[in-house]
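Asker: What follows is work.tsv, made up of TSV, C-alpha atoms:
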chain	number	residue	atom	x	y	z
A	11	LEU	CA	120.21	100.79	50.34
A	12	ALA	CA	121.92	102.67	53.14
A	13	PRO	CA	122.63	101.11	56.57
A	14	ASN	CA	119.47	100.43	58.61
A	15	GLN	CA	117.18	100.64	55.57
A	16	PHE	CA	117.01	96.84	55.52
A	17	ASN	CA	116.85	96.21	59.27
A	18	ASP	CA	113.41	94.57	59.20
A	19	SER	CA	114.61	91.77	56.95
A	20	LEU	CA	113.83	88.14	57.79
A	21	ASN	CA	116.57	85.48	57.58
A	22	ILE	CA	118.73	87.50	55.18
A	23	GLU	CA	121.58	89.98	55.51
A	24	LEU	CA	122.35	92.65	52.93
A	25	ARG	CA	126.13	92.74	52.45
A	26	GLY	CA	128.26	95.61	51.19
A	27	SER	CA	128.95	93.62	48.03
A	28	ARG	CA	125.29	94.18	47.06
A	29	MET	CA	124.47	90.57	47.75
A	30	GLY	CA	121.91	89.07	50.12
A	31	LYS	CA	123.40	86.52	52.52
A	32	THR	CA	120.82	84.06	53.82
A	33	ARG	CA	120.94	82.53	57.26
A	34	ARG	CA	122.42	79.06	57.50
A	35	GLY	CA	120.21	76.19	58.64
A	36	SER	CA	120.35	74.23	61.88
A	37	GLU	CA	120.64	70.59	62.91
A	38	THR	CA	119.29	68.77	65.95
A	39	ARG	CA	122.23	67.13	67.73
A	40	CYS	CA	120.42	65.27	70.51
A	41	THR	CA	117.00	64.85	72.08
A	42	GLY	CA	115.60	63.40	75.29
A	43	GLY	CA	114.32	64.49	78.68
A	44	SER	CA	110.98	66.00	79.63
A	45	GLY	CA	109.66	68.73	81.88
A	46	THR	CA	111.04	72.18	82.63
A	47	VAL	CA	114.53	73.07	81.36
A	48	GLN	CA	116.23	74.63	84.40
A	49	GLY	CA	119.79	75.32	83.29
A	50	ARG	CA	122.53	74.67	80.75
A	51	GLY	CA	126.28	75.06	80.54
A	52	PHE	CA	129.55	73.94	79.02
A	53	PHE	CA	132.02	72.14	81.28
A	54	GLU	CA	135.56	71.24	80.22
A	55	LYS	CA	137.09	68.87	82.74
A	56	SER	CA	140.36	68.77	80.83
A	57	PRO	CA	141.49	69.31	77.22
A	58	GLY	CA	139.58	66.84	75.06
A	59	ASN	CA	137.21	65.93	77.91
A	60	ALA	CA	134.30	68.34	77.60
A	61	PHE	CA	130.55	68.20	78.13
A	62	VAL	CA	127.47	70.24	77.37
A	63	LEU	CA	125.25	69.98	80.46
A	64	LYS	CA	121.49	70.34	80.75
A	65	ILE	CA	119.28	70.20	83.82
A	66	GLN	CA	115.68	69.28	83.07
A	67	ASN	CA	113.03	68.28	85.59
A	68	GLY	CA	115.73	67.98	88.27
A	69	ILE	CA	117.87	65.56	86.22
A	70	LEU	CA	121.43	66.32	85.04
A	71	TYR	CA	122.15	65.28	81.43
A	72	TYR	CA	125.27	65.52	79.28
A	73	TRP	CA	126.27	65.45	75.61
A	74	ALA	CA	129.92	64.95	74.69
A	75	ASN	CA	129.92	65.57	70.93
A	76	SER	CA	128.63	62.10	70.05
A	77	GLY	CA	125.31	60.30	69.95
A	78	ASN	CA	121.84	61.72	69.38
A	79	GLN	CA	120.41	61.35	72.89
A	80	TRP	CA	120.99	63.25	76.11
A	81	LYS	CA	122.58	60.92	78.69
A	82	GLN	CA	121.71	61.08	82.38
A	83	ILE	CA	124.50	61.52	84.94
A	84	GLY	CA	124.08	59.29	87.97
A	85	ALA	CA	120.87	58.59	89.85
A	86	THR	CA	120.83	61.60	92.20
A	87	THR	CA	118.46	64.40	91.21
A	88	PHE	CA	118.29	68.05	92.21
A	89	LEU	CA	116.01	69.14	95.01
A	90	ASN	CA	113.89	71.38	92.85
A	91	THR	CA	112.48	70.33	89.50
A	92	ASP	CA	111.15	73.54	87.99
A	93	GLN	CA	113.32	76.45	89.20
A	94	LYS	CA	116.43	77.92	87.57
A	95	ILE	CA	119.80	76.31	88.32
A	96	ALA	CA	123.10	78.01	87.42
A	97	ILE	CA	126.02	75.91	86.13
A	98	VAL	CA	129.60	77.19	86.42
A	99	THR	CA	133.13	75.80	86.57
A	100	GLY	CA	135.12	75.91	89.81
A	101	PHE	CA	137.26	73.91	92.21
A	102	VAL	CA	136.17	71.65	95.04
A	103	SER	CA	138.38	70.31	97.83
A	104	GLY	CA	139.24	66.66	97.21
A	105	VAL	CA	138.34	66.74	93.50
A	106	ALA	CA	141.21	66.54	91.02
A	107	GLY	CA	141.03	69.35	88.48
A	108	THR	CA	137.91	71.38	87.94
A	109	ALA	CA	134.33	70.54	88.89
A	110	ALA	CA	130.93	71.67	87.68
A	111	LEU	CA	129.14	73.68	90.38
A	112	PHE	CA	125.36	73.99	90.58
A	113	PHE	CA	123.56	76.84	92.34
A	114	GLN	CA	119.91	75.99	92.84
A	115	GLY	CA	118.55	79.02	94.61
A	116	ILE	CA	117.97	80.41	98.06
A	117	GLY	CA	118.08	77.92	100.92
A	118	VAL	CA	119.16	74.96	98.75
A	119	PRO	CA	122.67	73.48	99.15
A	120	VAL	CA	125.23	73.99	96.40
A	121	ALA	CA	126.02	70.81	94.47
A	122	TYR	CA	128.94	69.69	92.31
A	123	TRP	CA	129.87	67.03	89.76
A	124	ASP	CA	133.45	65.81	89.36
A	125	GLY	CA	133.32	65.11	85.61
A	126	ASP	CA	133.06	61.31	85.84
A	127	THR	CA	129.92	60.20	83.99
A	128	SER	CA	129.57	57.20	86.32
A	129	THR	CA	129.35	59.30	89.52
A	130	ASN	CA	126.46	61.16	91.12
A	131	ILE	CA	126.19	64.85	91.84
A	132	VAL	CA	127.17	65.68	95.43
A	133	PHE	CA	125.52	68.23	97.72
A	134	PHE	CA	127.56	70.35	100.11
A	135	THR	CA	126.45	70.33	103.72
A	136	GLN	CA	124.83	73.71	104.34
A	137	GLY	CA	125.44	74.98	107.83
A	138	ALA	CA	123.22	77.41	109.71
A	139	THR	CA	125.75	80.23	109.25
A	140	ASP	CA	126.38	79.62	105.55
A	141	PRO	CA	125.17	82.45	103.31
A	142	ALA	CA	122.19	81.67	101.11
A	143	ARG	CA	123.17	81.27	97.49
A	144	GLY	CA	121.14	82.38	94.52
A	145	ASP	CA	120.65	80.85	91.10
A	146	PHE	CA	122.61	83.34	88.98
A	147	ALA	CA	126.35	82.56	88.94
A	148	VAL	CA	129.39	83.11	86.72
A	149	THR	CA	133.04	82.11	86.76
A	150	HIS	CA	135.31	85.13	86.34
A	151	PRO	CA	138.52	84.70	84.32
A	152	CYS	CA	140.47	86.10	87.29
A	153	GLY	CA	139.64	82.92	89.21
A	154	ARG	CA	136.54	83.59	91.29
A	155	VAL	CA	133.08	82.09	91.23
A	156	CYS	CA	130.58	84.94	91.65
A	157	VAL	CA	126.97	84.34	92.78
A	158	ILE	CA	124.01	86.61	93.41
A	159	GLY	CA	122.90	85.63	96.90
A	160	THR	CA	120.62	86.18	99.92
A	161	SER	CA	116.84	86.17	100.10
A	162	THR	CA	116.72	89.81	99.01
A	163	SER	CA	119.39	89.31	96.33
A	164	ASP	CA	121.19	92.55	97.20
A	165	GLN	CA	124.69	91.11	97.41
A	166	ILE	CA	127.23	89.17	95.38
A	167	GLU	CA	129.23	86.36	96.94
A	168	PHE	CA	132.73	85.53	95.72
A	169	SER	CA	134.86	82.44	96.11
A	170	GLY	CA	138.55	82.77	96.88
A	171	LEU	CA	141.05	83.11	94.05
A	172	PHE	CA	141.71	79.70	92.52
A	173	ASP	CA	145.40	80.37	91.94
A	174	HIS	CA	145.89	81.19	95.62
A	175	GLY	CA	145.05	77.62	96.55
A	176	ASN	CA	141.89	78.52	98.46
A	177	GLY	CA	139.34	78.92	95.73
A	178	GLU	CA	137.38	75.78	96.58
A	179	TRP	CA	133.71	76.40	97.17
A	180	ASP	CA	133.07	74.33	100.30
A	181	SER	CA	132.46	76.75	103.17
A	182	ALA	CA	131.46	80.32	103.94
A	183	SER	CA	135.04	81.17	104.89
A	184	PHE	CA	135.91	81.55	101.20
A	185	THR	CA	133.06	83.94	100.51
A	186	LYS	CA	133.35	87.72	100.11
A	187	ARG	CA	130.39	90.05	99.83
A	188	ILE	CA	129.64	93.31	98.07
A	189	PHE	CA	126.28	94.99	98.71
A	190	THR	CA	124.37	97.13	96.26
A	191	PRO	CA	123.36	100.62	97.34
A	192	ALA	CA	119.95	100.97	98.99
A	193	GLY	CA	119.39	97.22	98.97
A	194	GLU	CA	118.39	97.03	95.30
A	195	ARG	CA	117.70	93.51	94.08
A	196	LEU	CA	120.44	92.26	91.76
A	197	LEU	CA	119.28	90.58	88.57
A	198	ALA	CA	122.42	89.82	86.55
A	199	ILE	CA	126.23	89.78	86.71
A	200	VAL	CA	128.81	89.23	83.96
A	201	PRO	CA	132.65	89.15	83.99
A	202	TYR	CA	134.18	92.23	82.41
A	203	ARG	CA	137.80	92.51	81.33
A	204	SER	CA	140.49	90.90	83.49
A	205	ASN	CA	139.44	92.14	86.92
A	206	GLU	CA	135.97	93.70	86.78
A	207	LEU	CA	132.38	92.57	87.16
A	208	ILE	CA	129.27	94.32	85.85
A	209	ALA	CA	126.15	94.00	88.00
A	210	TRP	CA	122.62	95.10	87.16
A	211	THR	CA	119.44	95.80	89.06
A	212	ALA	CA	116.16	96.76	87.41
A	213	ASN	CA	117.09	100.44	87.73
A	214	SER	CA	120.86	100.69	87.84
A	215	THR	CA	124.20	99.42	86.55
A	216	HIS	CA	127.27	98.87	88.76
A	217	LEU	CA	130.92	98.19	88.03
A	218	ILE	CA	132.98	96.30	90.63
A	219	GLY	CA	136.72	96.54	90.06
A	220	SER	CA	139.99	94.96	91.20
A	221	ILE	CA	138.33	91.67	92.16
A	222	ASN	CA	141.58	89.89	91.27
A	223	ASP	CA	143.10	91.52	94.37
A	224	SER	CA	143.22	89.10	97.31
A	225	THR	CA	142.50	92.04	99.67
A	226	VAL	CA	138.79	92.79	99.47
A	227	GLY	CA	139.35	96.27	100.89
A	228	ASN	CA	141.14	97.21	97.67
A	229	TRP	CA	138.11	96.46	95.51
A	230	THR	CA	136.19	99.35	93.98
A	231	ARG	CA	132.49	99.81	93.29
A	232	GLN	CA	131.05	102.38	90.93
A	233	THR	CA	127.42	103.07	90.14
A	234	VAL	CA	127.27	103.91	86.44
A	235	PRO	CA	125.35	107.19	85.95
A	236	GLY	CA	122.10	107.13	84.06
A	237	SER	CA	119.76	105.09	86.27
A	238	ILE	CA	119.29	102.46	83.57
A	239	GLY	CA	118.97	98.84	84.60
A	240	ILE	CA	118.31	95.48	83.00
A	241	LYS	CA	115.05	93.84	81.97
A	242	ALA	CA	116.21	90.36	80.91
A	243	PRO	CA	119.02	88.87	83.05
A	244	ARG	CA	120.14	86.43	80.33
A	245	SER	CA	120.41	89.27	77.81
A	246	ALA	CA	123.64	90.51	79.45
A	247	VAL	CA	126.68	89.63	77.36
A	248	VAL	CA	130.24	90.93	77.00
A	249	THR	CA	132.57	90.86	74.01
A	250	GLY	CA	135.91	92.64	74.26
A	251	GLU	CA	135.29	96.09	75.72
A	252	ASP	CA	131.58	96.07	74.86
A	253	ALA	CA	128.80	95.01	77.24
A	254	PHE	CA	125.28	94.67	75.82
A	255	PHE	CA	121.98	94.16	77.65
A	256	MET	CA	118.22	94.66	77.30
A	257	SER	CA	116.97	97.59	79.38
A	258	GLY	CA	113.52	98.10	80.85
A	259	ASP	CA	112.17	99.66	77.64
A	260	ARG	CA	113.16	96.43	75.80
A	261	HIS	CA	115.84	98.28	73.80
A	262	ILE	CA	119.38	96.91	73.53
A	263	ARG	CA	121.99	99.13	75.16
A	264	SER	CA	125.71	99.07	75.88
A	265	LEU	CA	128.08	100.41	78.52
A	266	LYS	CA	129.73	103.73	77.63
A	267	ARG	CA	133.38	104.42	78.50
A	268	SER	CA	135.40	107.63	78.33
A	269	ALA	CA	138.73	108.17	76.59
A	270	PHE	CA	140.29	107.60	80.03
A	271	ASP	CA	138.65	104.15	80.20
A	272	ILE	CA	136.12	105.14	82.87
A	273	ALA	CA	132.56	103.84	82.69
A	274	TYR	CA	130.48	107.00	82.77
A	275	GLY	CA	127.08	106.02	81.45
A	276	VAL	CA	124.91	103.84	79.27
A	277	ASN	CA	124.74	104.44	75.54
A	278	ALA	CA	121.60	105.33	73.64
A	279	PRO	CA	119.90	102.15	72.37
A	280	ILE	CA	121.80	100.36	69.62
A	281	SER	CA	118.32	99.20	68.55
A	282	TYR	CA	117.32	102.83	67.94
A	283	TRP	CA	116.53	102.13	64.27
A	284	ASN	CA	114.44	99.06	65.07
A	285	ASN	CA	111.42	100.41	66.94
A	286	ASP	CA	108.98	98.21	65.03
A	287	LEU	CA	110.91	95.08	65.99
A	288	ILE	CA	111.34	96.24	69.58
A	289	ASP	CA	107.63	97.01	69.85
A	290	SER	CA	106.85	93.45	68.71
A	291	ILE	CA	108.65	91.93	71.74
A	292	ASN	CA	106.15	90.44	74.18
A	293	GLN	CA	106.52	92.73	77.20
A	294	LEU	CA	105.01	90.17	79.59
A	295	HIS	CA	107.68	87.58	78.79
A	296	SER	CA	110.63	89.73	77.73
A	297	ASP	CA	112.53	88.88	80.93
A	298	GLY	CA	113.33	85.53	79.26
A	299	CYS	CA	115.25	87.09	76.35
A	300	ALA	CA	118.68	85.50	75.90
A	301	SER	CA	121.81	86.92	74.20
A	302	ILE	CA	125.04	85.50	72.85
A	303	VAL	CA	127.96	86.81	70.79
A	304	PHE	CA	129.22	84.39	68.14
A	305	ASP	CA	131.16	84.83	64.92
A	306	ASN	CA	130.99	88.65	65.27
A	307	TYR	CA	127.20	88.65	65.57
A	308	LEU	CA	125.14	89.68	68.58
A	309	LEU	CA	122.11	87.38	68.75
A	310	ILE	CA	119.16	88.16	71.03
A	311	ALA	CA	116.40	85.55	71.26
A	312	PHE	CA	113.05	87.14	72.08
A	313	PRO	CA	109.30	86.33	72.22
A	314	LYS	CA	107.52	88.00	69.34
A	315	ASP	CA	103.97	89.31	69.57
A	316	ALA	CA	101.82	86.98	71.72
A	317	SER	CA	104.36	84.17	72.06
A	318	PRO	CA	105.29	83.38	75.71
A	319	ASN	CA	108.59	81.81	74.61
A	320	ASN	CA	111.50	83.08	72.55
A	321	ASN	CA	110.61	82.40	68.92
A	322	ARG	CA	112.64	85.01	67.01
A	323	VAL	CA	116.26	86.20	67.06
A	324	LEU	CA	117.31	89.85	66.69
A	325	VAL	CA	120.68	90.05	64.90
A	326	PHE	CA	123.40	92.74	65.01
A	327	ASP	CA	126.60	92.73	62.94
A	328	LEU	CA	129.45	93.69	65.29
A	329	LEU	CA	131.84	94.40	62.42
A	330	ARG	CA	129.70	97.13	60.87
A	331	TYR	CA	128.68	100.26	62.75
A	332	THR	CA	126.44	103.23	62.04
A	333	GLN	CA	126.02	106.67	63.59
A	334	LEU	CA	123.23	107.24	66.10
A	335	GLU	CA	121.30	110.51	65.92
A	336	SER	CA	122.13	111.10	69.58
A	337	GLY	CA	125.85	110.63	68.90
A	338	GLY	CA	128.08	107.60	69.17
A	339	LEU	CA	128.24	104.44	67.12
A	340	ALA	CA	126.08	101.34	67.17
A	341	PRO	CA	126.42	97.99	65.42
A	342	ILE	CA	124.10	97.61	62.45
A	343	CYS	CA	120.98	95.53	62.96
A	344	ILE	CA	120.50	93.15	60.04
A	345	GLY	CA	116.97	92.11	60.99
A	346	GLU	CA	115.50	89.02	62.60
A	347	TRP	CA	115.60	85.23	62.22
A	348	ASP	CA	112.62	82.97	62.74
A	349	THR	CA	111.99	79.23	63.43
A	350	TRP	CA	114.61	79.20	66.22
A	351	SER	CA	112.87	78.63	69.58
A	352	VAL	CA	115.74	79.40	71.95
A	353	PHE	CA	115.50	78.76	75.69
A	354	ASP	CA	119.18	79.66	76.05
A	355	TRP	CA	122.43	79.58	74.08
A	356	VAL	CA	125.53	77.45	74.60
A	357	VAL	CA	128.94	78.11	73.04
A	358	ALA	CA	130.99	74.91	73.29
A	359	THR	CA	134.46	73.91	72.12
A	360	PHE	CA	135.08	70.42	70.74
A	361	ASN	CA	138.27	69.42	68.92
A	362	ASN	CA	139.53	73.00	69.22
A	363	GLN	CA	136.52	74.28	67.28
A	364	GLN	CA	134.10	76.74	68.85
A	365	ARG	CA	130.46	76.01	67.97
A	366	LEU	CA	127.10	77.62	68.67
A	367	PHE	CA	124.21	75.58	70.09
A	368	TRP	CA	120.94	76.29	71.80
A	369	ILE	CA	118.50	74.48	74.05
A	370	GLU	CA	115.03	74.32	72.50
A	371	ASN	CA	112.09	75.77	74.41
A	372	GLY	CA	109.73	73.14	75.73
A	373	THR	CA	111.44	70.00	74.42
A	374	GLY	CA	114.95	70.62	75.73
A	375	ASP	CA	116.37	69.38	72.40
A	376	PHE	CA	119.95	70.42	71.64
A	377	ILE	CA	120.38	72.19	68.29
A	378	GLU	CA	123.40	73.52	66.39
Now that the file is in, can you turn its structure into structure tokens?
Answerer:
Amino acid sequence: LAPNQFNDSLNIELRGSRMGKTRRGSETRCTGGSGTVQGRGFFEKSPGNAFVLKIQNGILYYWANSGNQWKQIGATTFLNTDQKIAIVTGFVSGVAGTAALFFQGIGVPVAYWDGDTSTNIVFFTQGATDPARGDFAVTHPCGRVCVIGTSTSDQIEFSGLFDHGNGEWDSASFTKRIFTPAGERLLAIVPYRSNELIAWTANSTHLIGSINDSTVGNWTRQTVPGSIGIKAPRSAVVTGEDAFFMSGDRHIRSLKRSAFDIAYGVNAPISYWNNDLIDSINQLHSDGCASIVFDNYLLIAFPKDASPNNNRVLVFDLLRYTQLESGGLAPICIGEWDTWSVFDWVVATFNNQQRLFWIENGTGDFIE
């Protein structure tokens, strides 16, 4: 069989050695909690002191690579119990080392946790002049926390650079802003390379550069040609020089760069050969699709047919590429996996070993 002649397979990958490689199983690591799962993240306070975090029904839970139950952190709960909450790592004045930051949405104060399982989460005092913060946030490797903000979500807010000693997120004075053209609503942002950030709206893709420069005036902003935006915010993922995301037509696309390393467009769908699978994605709930790159595979959890929740995983092998009819190369799709009901993925490192987990839809169980 040639490449892409086996791309509708279920739970098996056809290898070049003429053997079928079946998907490995999974194991439930911990259970507990009830209600809506609002966010998840991995927080490493210091080497050897790491936590997987989950927010469910307004309660912050942790798992630290032992035990089979989620453990609640403190008695303080979040102000909302059913809306998304972003979890990132940053610095807070008066807290030794890093802290976990929580962005709960417009008009709700930012909160933090210092990494001590006996302490409560703490809410910042939100002044009248403080910018409103959204619920989609990332920590850039250059040392900035980046958040989609404002009631119209047409700007990104940046903390100061951590290594300049003023990266703490505790007042508006450390916040920089970049607006999207024509006030388009931002849906997703991901760190890209050492000093860039990719930002998506429903109809466009933008590249913000030089954000490691302490002078905001030196930053650059480029609208990537093609007028192609993102459908599912959590489908955006970066590995090396490649950025993948689900566009409005539910196909999986990537950013296209020239030989001079300039982003000049969006590639034809890497899922070009998988129209039957793409057509089976539930359009009404496809904005909940979630992607991760792990062990050289691109995994995209999606809701199949009438399911309102992600119940299948579309799998691409990032080590094997094939030629698209429209030109360019695309990783080979090896089919789909079932029985995995993924709310969102978590890649965590314990004992110097990187491991893949996910939060189960509905139950909030933690599975590896």
Asker: Which residue, A:Val47, A:Ile69, A:Val325, A:Cys40, has the smallest gap to A:Phe367 when you use all atoms listed in the file?
Answerer: A:Cys40
Asker: Would you mind telling me which residue in A:Phe376, A:Phe168, A:Phe101, A:Trp210 lies nearest to A:Val234 when using only C-alpha atoms?
Answerer: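 Closest candidate: A:Trp210.
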Asker: Just give me the gap between atom CA of A:Val248 and atom CA of A:Ile262 in Å, one decimal is fine.
Answerer: 12.9 Å
Asker: Restricting the calculation to only C-alpha atoms, which member of A:Ala96, A:Val102, A:Arg231, A:Tyr307 is positioned closest to A:Arg244?
Answerer: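 For A:Arg244, the nearest of the given residues is A:Ala96.
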Asker: Do you know which residues are at most 9 Å from A:Ala300 counting all atoms listed in the file, after dropping those on the same chain fewer than 4 positions away, and could you put them as an mmCIF file with C-alpha atoms, keeping the file's coordinate frame?
Answerer:
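The result, stored in part.cif:
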data_model
loop_
_atom_site.group_PDB
_atom_site.id
_atom_site.type_symbol
_atom_site.label_atom_id
_atom_site.label_comp_id
_atom_site.auth_asym_id
_atom_site.auth_seq_id
_atom_site.Cartn_x
_atom_site.Cartn_y
_atom_site.Cartn_z
ATOM 1 C CA ALA A 242 116.210 90.360 80.910
ATOM 2 C CA PRO A 243 119.020 88.870 83.050
ATOM 3 C CA ARG A 244 120.140 86.430 80.330
ATOM 4 C CA SER A 245 120.410 89.270 77.810
ATOM 5 C CA ALA A 246 123.640 90.510 79.450
ATOM 6 C CA LEU A 309 122.110 87.380 68.750
ATOM 7 C CA ILE A 310 119.160 88.160 71.030
ATOM 8 C CA ALA A 311 116.400 85.550 71.260
ATOM 9 C CA PHE A 312 113.050 87.140 72.080
ATOM 10 C CA ASN A 320 111.500 83.080 72.550
ATOM 11 C CA VAL A 352 115.740 79.400 71.950
ATOM 12 C CA PHE A 353 115.500 78.760 75.690
ATOM 13 C CA ASP A 354 119.180 79.660 76.050
ATOM 14 C CA TRP A 355 122.430 79.580 74.080
#
Asker: Quick one: of A:Ser351, A:Asn371, A:Asn285, A:Ser224, who's nearest to A:Ser44, counting all atoms listed in the file?
Answerer: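 Among the listed residues, A:Asn371 lies closest to A:Ser44.
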Asker: Could you give me, as a ChimeraX atom specification, the residues within 12 Å of A:Leu265, counting only C-alpha atoms and dropping anything in the same chain fewer than 2 positions from it?
Answerer: /A:202,208-210,214-217,233-236,238-240,246-257,262-263,267-268,271-280,338,340
Asker: One number please: atom CA of A:Asp286 to atom CA of A:Ala198, in Å, one decimal.
Answerer: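 Answer for the atom CA of A:Asp286 to atom CA of A:Ala198 separation: 26.7 Å.
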Asker: Please indicate the distance in Å from atom CA of A:Thr129 to atom CA of A:Ala74, rounded to one decimal place.
Answerer: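 Atom CA of A:Ala74 lies 15.9 Å from atom CA of A:Thr129.
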Asker: Identify, on the basis of only C-alpha atoms, every residue whose closest approach to A:Val148 does not exceed 7 Å; exclude the query and any residue fewer than 4 positions from it along the same chain; express the result as a list in words.
Answerer: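 Near neighbours after the sequence-gap exclusion: Val98, Val155, Cys156, Val157 and Val200 of chain A.
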Asker: Identify the residues around (109.3, 83.5, 68.4) within a radius of 10 Å, measuring from only C-alpha atoms in the coordinates stated by the file, and give them as a list in words.
Answerer: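 Checked against the point, the hits come out as Ile291, Asn292, Ala311, Phe312, Pro313, Lys314, Asp315, Ala316, Ser317, Pro318, Asn319, Asn320, Asn321, Arg322, Val323, Trp347, Asp348, Thr349, Trp350, Ser351 and Val352 of chain A.
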Asker: Let me make sure I understand: among A:Ala60, A:Ile65, A:Leu287, A:Ile218, which one has the smallest atom-to-atom distance to A:Ile369 if we use all atoms listed in the file?
Answerer: A:Ile65
Asker: Closest to A:Ala106 among A:Lys94, A:Arg154, A:Lys55, A:Lys64, using all atoms listed in the file?
Answerer: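 Among A:Lys94, A:Arg154, A:Lys55, A:Lys64, it is A:Lys55 that comes nearest to A:Ala106.
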Asker: Mind checking which residues fall within 7 Å of A:Val356, counting all atoms listed in the file, ignoring those fewer than 4 positions away in the same chain, and posting them as a PyMOL selection string?
Answerer: chain A and resi 51-52+366-368
Asker: Around (134.9, 77.9, 71.7) in the file's frame, which residues reach within 12 Å when counting all atoms listed in the file? Return as an mmCIF file with C-alpha atoms, keeping the file's coordinate frame?
Answerer:
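Saved as result_20.cif:
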data_model
loop_
_atom_site.group_PDB
_atom_site.id
_atom_site.type_symbol
_atom_site.label_atom_id
_atom_site.label_comp_id
_atom_site.auth_asym_id
_atom_site.auth_seq_id
_atom_site.Cartn_x
_atom_site.Cartn_y
_atom_site.Cartn_z
ATOM 1 C CA PHE A 52 129.550 73.940 79.020
ATOM 2 C CA PHE A 53 132.020 72.140 81.280
ATOM 3 C CA GLU A 54 135.560 71.240 80.220
ATOM 4 C CA ALA A 60 134.300 68.340 77.600
ATOM 5 C CA VAL A 303 127.960 86.810 70.790
ATOM 6 C CA PHE A 304 129.220 84.390 68.140
ATOM 7 C CA ASP A 305 131.160 84.830 64.920
ATOM 8 C CA VAL A 356 125.530 77.450 74.600
ATOM 9 C CA VAL A 357 128.940 78.110 73.040
ATOM 10 C CA ALA A 358 130.990 74.910 73.290
ATOM 11 C CA THR A 359 134.460 73.910 72.120
ATOM 12 C CA PHE A 360 135.080 70.420 70.740
ATOM 13 C CA ASN A 361 138.270 69.420 68.920
ATOM 14 C CA ASN A 362 139.530 73.000 69.220
ATOM 15 C CA GLN A 363 136.520 74.280 67.280
ATOM 16 C CA GLN A 364 134.100 76.740 68.850
ATOM 17 C CA ARG A 365 130.460 76.010 67.970
ATOM 18 C CA LEU A 366 127.100 77.620 68.670
ATOM 19 C CA PHE A 367 124.210 75.580 70.090
#
